[in-house]
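Here is the structure we will look at.
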Amino acid sequence: AGAATVTTDVTLTLATGAVAVGGASVTLDYDPARVGLPAVGDATTVRARVTDLTAGALVGKGAPNNRDDDGDLEPDQVRFTLVAQNGVQGAILKVTFDRCSGAALTSANDYACTIDGKVVAPDGVTAVPGVSCTVAVVHAP
């Protein structure tokens with residue numbers, strides 16, 4: 001048996017007021033020296049590390065794409081394309097990262113969750129202003 005993989009769960013939460021989100025792009029930046037995912041792009045192994053917390057309201061787990069944002073050939077950002085016909089709000093996704101061997105535990109401050117561009121209501125047209133994204137971090141033993 002191999003060594004147990006130690007993981008870190010990062011939950012993304014949308015703060016939307018009382019308005020549900022039908023469409024948005026969200027990026028989660030992380031420190032690849034401390035946590036990582038087992039593949040790049042939208043590989044099956046990347047999608048397997050994402051849990052939809054919306055009971056299936058979100059199409060395709062937000063189509064996660066693990067990518068290299070700074071050009072150093074080391075993935076450091078997961079981008080999500082959120083599409084939800086009936087809208088989503090609150091805790092929407094959980095990403096399970098592998099913790100790098102010997103790396104210090106991460107906290108919410110070690111991740112940046114950013115809303116990219118326009119956020120729309122479930123009608124696909126109406127802008128939803130002031131939406132923000134926060135993260136919560138839980139470490140497996």
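Convention: chains lettered A, B, ... in structure tokens order; per-chain residue numbering from 1; ligands numbered from 1 as shown.
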| query | Near Val10 (chain A), within 8 Å and counting only C-alpha atoms, which residues show up once chain neighbours fewer than 6 positions away are dropped, as a PyMOL selection string? | reply | chain A and resi 94-97+135-138
| said: Which residues are near region 35-44 of chain A? Cut-off 9 Å, only C-alpha atoms, ignore same chain within fewer than 4 positions. Put them as a PyMOL selection string. | reply: chain A and resi 7-8+30-31+48-49+63-68+75-76+78+96-101+103+106
| Interatomic distance (Å, one decimal) between CA of Leu93 (chain A) and CA of Thr51 (chain A) | 5.6 Å
Fewer than 4 positions away in the same chain doesn't count, so skip those; otherwise give me all residues within 9 Å of Asp52 (chain A), counting only C-alpha atoms, as a PDB file with all heavy atoms, in the first residue's frame.
```pdb
ATOM      1  N   GLY A  56     -26.772  19.400  -7.939  1.00  0.00           N
ATOM      2  CA  GLY A  56     -26.922  19.235  -9.377  1.00  0.00           C
ATOM      3  C   GLY A  56     -27.471  20.439 -10.127  1.00  0.00           C
ATOM      4  O   GLY A  56     -27.686  20.371 -11.328  1.00  0.00           O
ATOM      5  N   ALA A  57     -27.696  21.558  -9.427  1.00  0.00           N
ATOM      6  CA  ALA A  57     -28.209  22.760 -10.097  1.00  0.00           C
ATOM      7  C   ALA A  57     -27.165  23.380 -11.023  1.00  0.00           C
ATOM      8  O   ALA A  57     -27.489  24.073 -11.975  1.00  0.00           O
ATOM      9  CB  ALA A  57     -28.667  23.796  -9.072  1.00  0.00           C
ATOM     10  N   LEU A  58     -25.905  23.104 -10.746  1.00  0.00           N
ATOM     11  CA  LEU A  58     -24.799  23.655 -11.526  1.00  0.00           C
ATOM     12  C   LEU A  58     -24.426  22.673 -12.629  1.00  0.00           C
ATOM     13  O   LEU A  58     -24.186  21.494 -12.366  1.00  0.00           O
ATOM     14  CB  LEU A  58     -23.609  23.870 -10.580  1.00  0.00           C
ATOM     15  CG  LEU A  58     -22.473  24.743 -11.026  1.00  0.00           C
ATOM     16  CD1 LEU A  58     -22.959  26.150 -11.350  1.00  0.00           C
ATOM     17  CD2 LEU A  58     -21.438  24.806  -9.917  1.00  0.00           C
ATOM     18  N   GLY A  60     -22.364  20.528 -15.035  1.00  0.00           N
ATOM     19  CA  GLY A  60     -21.018  19.981 -15.200  1.00  0.00           C
ATOM     20  C   GLY A  60     -20.020  20.367 -14.139  1.00  0.00           C
ATOM     21  O   GLY A  60     -18.840  20.547 -14.460  1.00  0.00           O
ATOM     22  N   LYS A  61     -20.438  20.508 -12.888  1.00  0.00           N
ATOM     23  CA  LYS A  61     -19.538  20.895 -11.795  1.00  0.00           C
ATOM     24  C   LYS A  61     -18.795  22.189 -12.115  1.00  0.00           C
ATOM     25  O   LYS A  61     -17.671  22.398 -11.680  1.00  0.00           O
ATOM     26  CB  LYS A  61     -18.514  19.793 -11.491  1.00  0.00           C
ATOM     27  CG  LYS A  61     -19.085  18.503 -10.971  1.00  0.00           C
ATOM     28  CD  LYS A  61     -17.946  17.555 -10.627  1.00  0.00           C
ATOM     29  CE  LYS A  61     -18.439  16.212 -10.177  1.00  0.00           C
ATOM     30  NZ  LYS A  61     -17.324  15.320  -9.829  1.00  0.00           N
ATOM     31  N   GLY A  62     -19.382  23.046 -12.917  1.00  0.00           N
ATOM     32  CA  GLY A  62     -18.733  24.313 -13.250  1.00  0.00           C
ATOM     33  C   GLY A  62     -17.623  24.193 -14.273  1.00  0.00           C
ATOM     34  O   GLY A  62     -16.833  25.113 -14.443  1.00  0.00           O
ATOM     35  N   ILE A  92     -21.106  26.617  -3.366  1.00  0.00           N
ATOM     36  CA  ILE A  92     -21.420  26.000  -4.653  1.00  0.00           C
ATOM     37  C   ILE A  92     -20.498  24.851  -5.036  1.00  0.00           C
ATOM     38  O   ILE A  92     -20.933  23.895  -5.658  1.00  0.00           O
ATOM     39  CB  ILE A  92     -21.447  27.043  -5.792  1.00  0.00           C
ATOM     40  CG1 ILE A  92     -20.130  27.801  -5.865  1.00  0.00           C
ATOM     41  CG2 ILE A  92     -22.632  27.973  -5.633  1.00  0.00           C
ATOM     42  CD1 ILE A  92     -19.936  28.585  -7.142  1.00  0.00           C
ATOM     43  N   LEU A  93     -19.216  24.947  -4.709  1.00  0.00           N
ATOM     44  CA  LEU A  93     -18.261  23.932  -5.139  1.00  0.00           C
ATOM     45  C   LEU A  93     -17.238  23.652  -4.047  1.00  0.00           C
ATOM     46  O   LEU A  93     -16.881  24.551  -3.280  1.00  0.00           O
ATOM     47  CB  LEU A  93     -17.490  24.404  -6.384  1.00  0.00           C
ATOM     48  CG  LEU A  93     -18.283  24.565  -7.669  1.00  0.00           C
ATOM     49  CD1 LEU A  93     -17.476  25.335  -8.698  1.00  0.00           C
ATOM     50  CD2 LEU A  93     -18.680  23.199  -8.224  1.00  0.00           C
ATOM     51  N   LYS A  94     -16.750  22.412  -4.018  1.00  0.00           N
ATOM     52  CA  LYS A  94     -15.641  22.049  -3.141  1.00  0.00           C
ATOM     53  C   LYS A  94     -14.569  21.419  -4.008  1.00  0.00           C
ATOM     54  O   LYS A  94     -14.861  20.524  -4.805  1.00  0.00           O
ATOM     55  CB  LYS A  94     -16.088  21.085  -2.059  1.00  0.00           C
ATOM     56  CG  LYS A  94     -14.959  20.640  -1.134  1.00  0.00           C
ATOM     57  CD  LYS A  94     -15.457  19.720  -0.040  1.00  0.00           C
ATOM     58  CE  LYS A  94     -15.705  18.338  -0.580  1.00  0.00           C
ATOM     59  NZ  LYS A  94     -16.114  17.362   0.422  1.00  0.00           N
TER      60      LYS A  94
END
```
| task | State, in Å with one decimal place, the distance from CA of Ala20 (chain A) to CA of Tyr111 (chain A). | result | 23.8 Å
| Which residue out of A:Asp116, A:Asp9, A:Asp110, A:Asp69 has the minimum interatomic distance to His139 (chain A) when only C-alpha atoms are used? | A:Asp9
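With CA of Thr5 (chain A) on one side and CA of Val26 (chain A) on the other, the separation reads 27.0 Å.
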Pull the helix (DSSP H, G or I) assignments for region 17-113 of chain A out of DSSP run on the backbone, and list those residues as a compact mmCIF listing (two decimals) with N, CA, C and O atoms, in the first residue's frame.
```txt
# COMPACT_ATOMS: atom_id res chain seq x y z
N THR A 44 -10.40 14.20 -16.54
CA THR A 44 -11.33 13.47 -15.68
C THR A 44 -10.86 13.51 -14.23
O THR A 44 -11.67 13.64 -13.31
N THR A 45 -9.55 13.40 -14.01
CA THR A 45 -9.03 13.39 -12.64
C THR A 45 -9.19 14.75 -11.97
O THR A 45 -9.33 14.82 -10.75
N VAL A 46 -9.21 15.83 -12.73
CA VAL A 46 -9.48 17.16 -12.17
C VAL A 46 -10.96 17.25 -11.81
O VAL A 46 -11.32 17.64 -10.69
N ARG A 47 -11.83 16.88 -12.73
CA ARG A 47 -13.28 16.92 -12.47
C ARG A 47 -13.65 16.06 -11.27
O ARG A 47 -14.55 16.41 -10.51
N VAL A 59 -24.38 23.14 -13.88
CA VAL A 59 -24.07 22.27 -15.01
C VAL A 59 -22.61 21.84 -14.96
O VAL A 59 -21.71 22.67 -14.84
N GLY A 60 -22.36 20.53 -15.03
CA GLY A 60 -21.02 19.98 -15.20
C GLY A 60 -20.02 20.37 -14.14
O GLY A 60 -18.84 20.55 -14.46
N LYS A 61 -20.44 20.51 -12.89
CA LYS A 61 -19.54 20.90 -11.79
C LYS A 61 -18.79 22.19 -12.11
O LYS A 61 -17.67 22.40 -11.68
N GLY A 62 -19.38 23.05 -12.92
CA GLY A 62 -18.73 24.31 -13.25
C GLY A 62 -17.62 24.19 -14.27
O GLY A 62 -16.83 25.11 -14.44
N ALA A 108 -7.54 30.15 4.32
CA ALA A 108 -8.35 30.82 3.30
C ALA A 108 -7.57 31.96 2.64
O ALA A 108 -7.75 32.24 1.45
N ASN A 109 -6.69 32.61 3.39
CA ASN A 109 -5.90 33.73 2.84
C ASN A 109 -4.90 33.29 1.77
O ASN A 109 -4.36 34.12 1.05
N ASP A 110 -4.64 31.98 1.67
CA ASP A 110 -3.69 31.48 0.68
C ASP A 110 -4.34 31.22 -0.68
O ASP A 110 -3.67 30.79 -1.62
```
| message | Quick check for you: according to DSSP on this backbone, which residues of region 37-138 of chain A are classed as strand (DSSP E or B)? Reply as a ChimeraX atom specification. | response | /A:41,50-52,65-67,77-88,90-99,112-120,127,132-138
| said: Can you pull out the residues contacting Thr16 (chain A)? Cut-off 10 Å, using only C-alpha atoms, and skip same-chain residues under 2 positions away; I want them as a VMD selection string. | reply: chain A and resid 13 to 14 18 to 21 88 to 90 119 128 to 133
